[in-house]
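All remarks here apply to the structure that follows.
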Amino acid sequence: MQSAIPARSKLPDVGTTIFTVIGQLAAEHDALNLSQGAPNFQPDPKLVDDVDRAMRAGHNQYAPMAGVGTLRDALAQKVERLYGERYDPEREVTVIASASEGLYATISALVHPGDEVIYFEPSFDSYAPIVRLQGATPVAIKLSPVDFRVDWDEVAAKITPRTRMMIINTPHNPTATVFGDADIERLKAVTRDTGIVILSDEVYEHVVFDGAPHHSVARYRELAERSVIVSSFGKTFHVTGWRVGYCLAPAVLMDEIRKVHQFMVFSADTPMQQAFVDMLAEPQTYLGLAAFYQRKRDLLAQALSGSRFELLPSEGTFFMLARYKHFSDERDSDFVLRLIRDFQVATIPLSAFYTDATDSGLIRLSFAKDDDTLIEGARRLCSV
Ligand code: GLN
C-alpha cells in the first residue's frame, strides 16, 4: 500500500533477522537447516498433554501479570536447589513471554537515554538494537577471535561513569563457550562499586557439556544482588515456539521490569505456564538436557571428522562453530549462500552476530536437530 507518511526509522540499518533470511533461503533451495537454534523434533508428549489438559480445564484467560503463582514457586525452588540463591516468588520471579521479551523489558526498564551498555560480540542479534531504542549507546567488546574468551582488562578499560549495564551470556550463543571461575571473579571485580546492572542471559543454562557447572550469577550473592537473569523454557523443553521464559532479579529491579512487562504483553500464555509447573516437578526433565545435547554434539563432530572444516570446541548451547578460512577466502555470508545453493545445507555466517559484520571465516552450526538431519547435514558438508 502507498503511504506518504515518512517512516523516520529508529533502526535504519536493521534488516530482517539472519534467522528469518537464512530460513527462507533454506526453504527455497530445499536445504537441510542447521541454522536456527530451534529443534526440528517434538517435545515430551506429556508436556503437550498437560497444555491440552490445562486448556480443557479452563485455563484460557489472562495469567497473573507476574506469572502463575505455582510456577513462580516452582522456579524459585529450582533456582535455590541448583544455584543456592533464594528469590522471592512474589517480588523477584516473573514469567515472561519469551526470553526476548525479558531482554527487552529489562533493558527498557533500566537503561536511560545517554547510558552506555557493554556487551560482547559476537552476540545474539537483539541486544544492541534494544539498547539503541532506549537512546542509549551499545558498547561492543569483541571476544578474542582465537578462543572467544572475554578480555577483562579491556572490559575494565571500557567502563565509564555512564556504564549502566553489562550484558553477559553463558553458555554463549553463537560461540558455544562458557564462563569459568576466573571469568566470574573478574566480573565481580570490574562491576564492584560501580552501579552497573548485569543482565545475564542464561537461556542455555541446562546445556553445559563435559560435566562442567553452569556459572549462573545466582550462585554468587554479590553478583545476584546486581543482576537480572533471563532464562527460557523454550530451549529447555524443546518448545521455542511457545514463547515462555522467566526473569529473576532483586525486588528493587524487578519492580521496574514488571512495569514494562505489564504494558508490553501483560502476561505470558496461561496453559503453557500450567504445564511447566508439572515439568519442573521432575528435575530429570531438565537435568538430562546436557547429556542429550552432548550426544548430538559428538555425533555431529564425528560425522564431520572427514570434512575440511576445523571445528571449534563447543562447551555448551546447541551450537558449534566451524572454520573454513584455510580452504576458502570467501566472505562468510557468500560462503553460506554457496552452501545453501550448491550443497543444500543451511548455516549461519558468524559475521551476522557483529554490528560491523566482522568476518572470521566461521559459520555456526546448530545441532538441535534429529540424528538423521545431523548425519545428512554432515554428509553434505563433507563434500564441500
Ligand atoms: N536463538 C536462536 C538462534 O540463535 C534463534 C532466535 C530467533 O530466531 N529469533 O538461532
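Lettering and numbering for the C-alpha cells are positional, with chains as A, B, ... in the shown order, residues counted from 1 in each chain, and ligands counted from 1 in the shown order.
Backbone DSSP of stretch 37-157 of chain A yields strand (DSSP E) at Val93, Thr94, Val95, Ile96, Glu116, Val117, Ile118, Tyr119, Phe120, Glu121, Thr137, Pro138, Val139, Ala140, Ile141 and Lys142 of chain A.
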Please give me, as a VMD selection string, the residues lying within 9 Å of ligand 1 when counting only C-alpha atoms and all ligand atoms. chain A and resid 17 to 20 35 to 38 100 124 to 126 173 to 174 203 235 240 319 348 366
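Atom CA of A:Thr94 sits 10.9 Å away from atom CA of A:Val228.
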Given only C-alpha atoms, how would the per-residue table for stretch 77-182 of chain A near stretch 245-263 of chain A read, listing every residue at most 10 Å away with its closest atom pair and distance in Å to one decimal, sorted by chain and number, as a Markdown table?
| residue | atom | partner | partner_atom | distance |
| --- | --- | --- | --- | --- |
| A:Val79 | CA | A:Leu248 | CA | 9.4 |
| A:Tyr87 | CA | A:Leu248 | CA | 7.1 |
| A:Asp88 | CA | A:Ala251 | CA | 8.2 |
| A:Pro89 | CA | A:Leu248 | CA | 9.1 |
| A:Glu90 | CA | A:Ala251 | CA | 9.0 |
| A:Arg91 | CA | A:Ala251 | CA | 5.4 |
| A:Glu92 | CA | A:Ala251 | CA | 5.1 |
| A:Val93 | CA | A:Leu248 | CA | 4.8 |
| A:Thr94 | CA | A:Cys247 | CA | 5.2 |
| A:Val95 | CA | A:Tyr246 | CA | 4.3 |
| A:Ile96 | CA | A:Gly245 | CA | 5.0 |
| A:Ala97 | CA | A:Gly245 | CA | 6.1 |
| A:Ser98 | CA | A:Gly245 | CA | 4.7 |
| A:Ala99 | CA | A:Gly245 | CA | 5.2 |
| A:Ser100 | CA | A:Gly245 | CA | 8.6 |
| A:Glu101 | CA | A:His261 | CA | 7.9 |
| A:Gly102 | CA | A:Cys247 | CA | 6.5 |
| A:Leu103 | CA | A:Cys247 | CA | 9.0 |
| A:Tyr104 | CA | A:His261 | CA | 8.8 |
| A:Ala105 | CA | A:Val260 | CA | 5.6 |
| A:Thr106 | CA | A:Ile257 | CA | 5.3 |
| A:Ile107 | CA | A:Ile257 | CA | 8.4 |
| A:Ser108 | CA | A:Val260 | CA | 7.5 |
| A:Ala109 | CA | A:Ile257 | CA | 5.3 |
| A:Leu110 | CA | A:Glu256 | CA | 7.2 |
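Nearest residue to A:Ala136, choosing from A:Val111, A:Ala212, A:Ala156, A:Pro122 and counting only C-alpha atoms: A:Val111.
Using only C-alpha atoms, the protein and nucleic acid residues lying no more than 12 Å from A:Ala54, apart from those fewer than 6 places from it along its own chain, are Leu47, Val48, Asn60, Gln61, Asp269, Thr270, Pro271, Met272, Gln273, Gln274, Ala275, Phe276, Val277 and Asp278 of chain A.
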Put those residues in a file: N, CA, C and O atoms, as an mmCIF file, in the first residue's frame.
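See again_21.cif below for the written result:
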data_model
loop_
_atom_site.group_PDB
_atom_site.id
_atom_site.type_symbol
_atom_site.label_atom_id
_atom_site.label_comp_id
_atom_site.auth_asym_id
_atom_site.auth_seq_id
_atom_site.Cartn_x
_atom_site.Cartn_y
_atom_site.Cartn_z
ATOM 1 N N LEU A 47 4.161 -33.040 27.973
ATOM 2 C CA LEU A 47 4.048 -31.577 28.070
ATOM 3 C C LEU A 47 2.872 -31.089 27.212
ATOM 4 O O LEU A 47 2.090 -30.233 27.632
ATOM 5 N N VAL A 48 2.748 -31.658 26.016
ATOM 6 C CA VAL A 48 1.644 -31.281 25.130
ATOM 7 C C VAL A 48 0.308 -31.691 25.766
ATOM 8 O O VAL A 48 -0.658 -30.914 25.759
ATOM 9 N N ASN A 60 -7.680 -20.525 30.269
ATOM 10 C CA ASN A 60 -7.570 -19.877 28.960
ATOM 11 C C ASN A 60 -7.636 -18.353 29.015
ATOM 12 O O ASN A 60 -7.657 -17.700 27.973
ATOM 13 N N GLN A 61 -7.682 -17.806 30.205
ATOM 14 C CA GLN A 61 -7.730 -16.344 30.307
ATOM 15 C C GLN A 61 -6.379 -15.834 30.808
ATOM 16 O O GLN A 61 -5.471 -16.607 31.065
ATOM 17 N N ASP A 269 1.552 -16.776 28.226
ATOM 18 C CA ASP A 269 0.459 -17.718 27.936
ATOM 19 C C ASP A 269 0.110 -18.585 29.150
ATOM 20 O O ASP A 269 0.967 -19.234 29.740
ATOM 21 N N THR A 270 -1.174 -18.635 29.446
ATOM 22 C CA THR A 270 -1.626 -19.325 30.663
ATOM 23 C C THR A 270 -1.483 -20.851 30.609
ATOM 24 O O THR A 270 -0.892 -21.439 31.514
ATOM 25 N N PRO A 271 -2.011 -21.546 29.584
ATOM 26 C CA PRO A 271 -1.954 -23.015 29.646
ATOM 27 C C PRO A 271 -0.526 -23.548 29.649
ATOM 28 O O PRO A 271 -0.236 -24.566 30.296
ATOM 29 N N MET A 272 0.380 -22.869 28.946
ATOM 30 C CA MET A 272 1.777 -23.308 28.952
ATOM 31 C C MET A 272 2.360 -23.193 30.361
ATOM 32 O O MET A 272 3.084 -24.076 30.822
ATOM 33 N N GLN A 273 2.039 -22.101 31.026
ATOM 34 C CA GLN A 273 2.572 -21.929 32.387
ATOM 35 C C GLN A 273 2.089 -23.051 33.298
ATOM 36 O O GLN A 273 2.859 -23.590 34.093
ATOM 37 N N GLN A 274 0.811 -23.401 33.161
ATOM 38 C CA GLN A 274 0.275 -24.507 33.970
ATOM 39 C C GLN A 274 1.069 -25.784 33.709
ATOM 40 O O GLN A 274 1.421 -26.527 34.630
ATOM 41 N N ALA A 275 1.373 -26.041 32.440
ATOM 42 C CA ALA A 275 2.056 -27.289 32.079
ATOM 43 C C ALA A 275 3.496 -27.313 32.588
ATOM 44 O O ALA A 275 4.009 -28.364 32.986
ATOM 45 N N PHE A 276 4.168 -26.182 32.582
ATOM 46 C CA PHE A 276 5.568 -26.165 33.036
ATOM 47 C C PHE A 276 5.695 -26.448 34.534
ATOM 48 O O PHE A 276 6.742 -26.891 34.993
ATOM 49 N N VAL A 277 4.629 -26.195 35.291
ATOM 50 C CA VAL A 277 4.689 -26.491 36.730
ATOM 51 C C VAL A 277 5.001 -27.976 36.925
ATOM 52 O O VAL A 277 5.887 -28.351 37.695
ATOM 53 N N ASP A 278 4.288 -28.823 36.159
ATOM 54 C CA ASP A 278 4.496 -30.275 36.270
ATOM 55 C C ASP A 278 5.900 -30.658 35.817
ATOM 56 O O ASP A 278 6.536 -31.520 36.410
#
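Nearest residue to A:Leu280, choosing from A:Ala176, A:Leu32, A:Leu75, A:Ala182 and counting only C-alpha atoms: A:Leu75.
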Would you kindly return, as a ChimeraX atom specification, each protein, DNA or RNA residue with an atom no farther than 9 Å from any atom of A:Asn169, considering only C-alpha atoms and excluding same-chain residues fewer than 4 positions away? /A:120,123-124,173,178-179,199-204
Neighbour list for stretch 145-151 of chain A as a ChimeraX atom specification, cut-off 12 Å, only C-alpha atoms, skip fewer than 5 positions in-chain: /A:119-123,140,156-158,168-180,182-184,186-187,190,311-315,321,323,350-351,358-362
Could you write out, as number ranges by chain, all the residues of stretch 15-203 of chain A that DSSP marks as helix (DSSP H, G or I)? A: 18-28, 45-56, 69-83, 99-110, 127-133, 152-158, 181-191
Residue neighbourhood stretch 22-30 of chain A, 10 Å, only C-alpha atoms, exclusion window fewer than 5 positions, as a PyMOL selection string: chain A and resi 17+35-36+336-337+339-349
Please dump the current selection as an mmCIF file, in the first residue's frame; keep N, CA and C atoms.
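And here is the file that came out, result22.cif:
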data_model
loop_
_atom_site.group_PDB
_atom_site.id
_atom_site.type_symbol
_atom_site.label_atom_id
_atom_site.label_comp_id
_atom_site.auth_asym_id
_atom_site.auth_seq_id
_atom_site.Cartn_x
_atom_site.Cartn_y
_atom_site.Cartn_z
ATOM 1 N N THR A 17 15.952 -10.323 10.548
ATOM 2 C CA THR A 17 16.996 -11.075 11.255
ATOM 3 C C THR A 17 17.546 -12.192 10.382
ATOM 4 N N SER A 35 20.706 -24.102 10.714
ATOM 5 C CA SER A 35 20.968 -22.689 11.018
ATOM 6 C C SER A 35 20.311 -22.249 12.317
ATOM 7 N N GLN A 36 18.989 -22.166 12.332
ATOM 8 C CA GLN A 36 18.328 -21.600 13.513
ATOM 9 C C GLN A 36 18.463 -22.539 14.703
ATOM 10 N N VAL A 336 28.158 -19.053 3.016
ATOM 11 C CA VAL A 336 26.905 -19.655 3.493
ATOM 12 C C VAL A 336 25.885 -19.768 2.355
ATOM 13 N N LEU A 337 25.829 -18.723 1.507
ATOM 14 C CA LEU A 337 24.906 -18.780 0.362
ATOM 15 C C LEU A 337 25.275 -19.926 -0.571
ATOM 16 N N LEU A 339 26.832 -22.659 0.262
ATOM 17 C CA LEU A 339 26.477 -23.939 0.896
ATOM 18 C C LEU A 339 24.986 -24.243 0.702
ATOM 19 N N ILE A 340 24.175 -23.201 0.768
ATOM 20 C CA ILE A 340 22.732 -23.423 0.601
ATOM 21 C C ILE A 340 22.426 -23.823 -0.848
ATOM 22 N N ARG A 341 22.993 -23.050 -1.788
ATOM 23 C CA ARG A 341 22.668 -23.277 -3.201
ATOM 24 C C ARG A 341 23.272 -24.566 -3.747
ATOM 25 N N ASP A 342 24.552 -24.768 -3.445
ATOM 26 C CA ASP A 342 25.271 -25.869 -4.115
ATOM 27 C C ASP A 342 25.266 -27.164 -3.314
ATOM 28 N N PHE A 343 25.097 -27.049 -2.001
ATOM 29 C CA PHE A 343 25.193 -28.262 -1.165
ATOM 30 C C PHE A 343 23.915 -28.520 -0.357
ATOM 31 N N GLN A 344 22.943 -27.651 -0.501
ATOM 32 C CA GLN A 344 21.638 -27.795 0.193
ATOM 33 C C GLN A 344 21.808 -27.989 1.696
ATOM 34 N N VAL A 345 22.636 -27.151 2.283
ATOM 35 C CA VAL A 345 22.729 -27.177 3.737
ATOM 36 C C VAL A 345 22.857 -25.734 4.231
ATOM 37 N N ALA A 346 22.020 -25.399 5.212
ATOM 38 C CA ALA A 346 21.942 -24.005 5.673
ATOM 39 C C ALA A 346 22.613 -23.849 7.038
ATOM 40 N N THR A 347 23.442 -22.819 7.157
ATOM 41 C CA THR A 347 24.149 -22.492 8.406
ATOM 42 C C THR A 347 24.090 -20.971 8.565
ATOM 43 N N ILE A 348 24.661 -20.460 9.634
ATOM 44 C CA ILE A 348 24.629 -19.006 9.850
ATOM 45 C C ILE A 348 26.062 -18.458 9.773
ATOM 46 N N PRO A 349 26.275 -17.387 9.007
ATOM 47 C CA PRO A 349 27.614 -16.767 8.979
ATOM 48 C C PRO A 349 27.874 -16.038 10.299
#
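In this comparison, which uses only C-alpha atoms, the residue of A:Phe233, A:Phe367, A:Tyr62, A:Phe292 approaching A:Met320 most closely is A:Phe367.
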Give me the residues near A:Ala290 as a JSON list (two decimals) with all heavy atoms, in the first residue's frame, where near means some atom within 6 Å (using only C-alpha atoms) and where sequence neighbours in that chain fewer than 2 positions away do not count.
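Written out: result_7.json:
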[["chain", "number", "residue", "atom", "x", "y", "z"],
["A", 206, "HIS", "N", 20.87, -25.11, 31.01],
["A", 206, "HIS", "CA", 20.89, -26.57, 31.20],
["A", 206, "HIS", "C", 21.65, -27.30, 30.10],
["A", 206, "HIS", "O", 21.56, -28.51, 29.99],
["A", 206, "HIS", "CB", 19.45, -27.09, 31.31],
["A", 206, "HIS", "CG", 18.73, -26.52, 32.50],
["A", 206, "HIS", "ND1", 19.20, -26.68, 33.79],
["A", 206, "HIS", "CD2", 17.62, -25.75, 32.60],
["A", 206, "HIS", "CE1", 18.38, -26.05, 34.62],
["A", 206, "HIS", "NE2", 17.43, -25.48, 33.92],
["A", 207, "VAL", "N", 22.38, -26.54, 29.30],
["A", 207, "VAL", "CA", 23.13, -27.18, 28.20],
["A", 207, "VAL", "C", 24.61, -26.84, 28.33],
["A", 207, "VAL", "O", 25.18, -26.10, 27.52],
["A", 207, "VAL", "CB", 22.57, -26.76, 26.83],
["A", 207, "VAL", "CG1", 23.10, -27.71, 25.75],
["A", 207, "VAL", "CG2", 21.05, -26.78, 26.81],
["A", 208, "VAL", "N", 25.22, -27.34, 29.38],
["A", 208, "VAL", "CA", 26.66, -27.18, 29.61],
["A", 208, "VAL", "C", 27.27, -28.58, 29.57],
["A", 208, "VAL", "O", 26.75, -29.50, 30.21],
["A", 208, "VAL", "CB", 26.94, -26.53, 30.98],
["A", 208, "VAL", "CG1", 28.44, -26.34, 31.18],
["A", 208, "VAL", "CG2", 26.22, -25.19, 31.09],
["A", 209, "PHE", "N", 28.35, -28.73, 28.80],
["A", 209, "PHE", "CA", 28.85, -30.08, 28.50],
["A", 209, "PHE", "C", 30.03, -30.50, 29.38],
["A", 209, "PHE", "O", 30.64, -29.69, 30.07],
["A", 209, "PHE", "CB", 29.27, -30.15, 27.03],
["A", 209, "PHE", "CG", 28.15, -29.82, 26.08],
["A", 209, "PHE", "CD1", 28.37, -29.00, 24.99],
["A", 209, "PHE", "CD2", 26.87, -30.34, 26.28],
["A", 209, "PHE", "CE1", 27.34, -28.69, 24.11],
["A", 209, "PHE", "CE2", 25.83, -30.05, 25.42],
["A", 209, "PHE", "CZ", 26.07, -29.22, 24.33],
["A", 288, "GLY", "N", 18.59, -33.73, 32.39],
["A", 288, "GLY", "CA", 19.10, -34.65, 31.37],
["A", 288, "GLY", "C", 19.45, -33.96, 30.06],
["A", 288, "GLY", "O", 19.97, -34.59, 29.13],
["A", 292, "PHE", "N", 21.76, -35.07, 26.65],
["A", 292, "PHE", "CA", 21.02, -35.20, 25.38],
["A", 292, "PHE", "C", 21.73, -34.44, 24.26],
["A", 292, "PHE", "O", 21.95, -34.96, 23.17],
["A", 292, "PHE", "CB", 19.60, -34.67, 25.61],
["A", 292, "PHE", "CG", 18.75, -34.59, 24.38],
["A", 292, "PHE", "CD1", 18.06, -35.71, 23.93],
["A", 292, "PHE", "CD2", 18.61, -33.39, 23.70],
["A", 292, "PHE", "CE1", 17.26, -35.62, 22.79],
["A", 292, "PHE", "CE2", 17.82, -33.30, 22.57],
["A", 292, "PHE", "CZ", 17.14, -34.42, 22.11],
["A", 293, "TYR", "N", 22.10, -33.19, 24.56],
["A", 293, "TYR", "CA", 22.74, -32.39, 23.51],
["A", 293, "TYR", "C", 24.23, -32.72, 23.35],
["A", 293, "TYR", "O", 24.78, -32.55, 22.26],
["A", 293, "TYR", "CB", 22.54, -30.89, 23.76],
["A", 293, "TYR", "CG", 21.22, -30.41, 23.21],
["A", 293, "TYR", "CD1", 20.26, -29.83, 24.04],
["A", 293, "TYR", "CD2", 20.92, -30.55, 21.86],
["A", 293, "TYR", "CE1", 19.04, -29.40, 23.54],
["A", 293, "TYR", "CE2", 19.70, -30.12, 21.36],
["A", 293, "TYR", "CZ", 18.77, -29.54, 22.18],
["A", 293, "TYR", "OH", 17.57, -29.12, 21.67],
["A", 294, "GLN", "N", 24.86, -33.19, 24.40],
["A", 294, "GLN", "CA", 26.27, -33.56, 24.26],
["A", 294, "GLN", "C", 26.39, -34.73, 23.28],
["A", 294, "GLN", "O", 27.31, -34.78, 22.46],
["A", 294, "GLN", "CB", 26.86, -33.95, 25.62],
["A", 294, "GLN", "CG", 28.37, -34.23, 25.53],
["A", 294, "GLN", "CD", 29.02, -34.36, 26.90],
["A", 294, "GLN", "OE1", 28.64, -33.65, 27.84],
["A", 294, "GLN", "NE2", 29.99, -35.24, 27.02]]
Computed gap from atom CA of A:Phe237 to atom CA of A:Arg81 is 19.1 Å
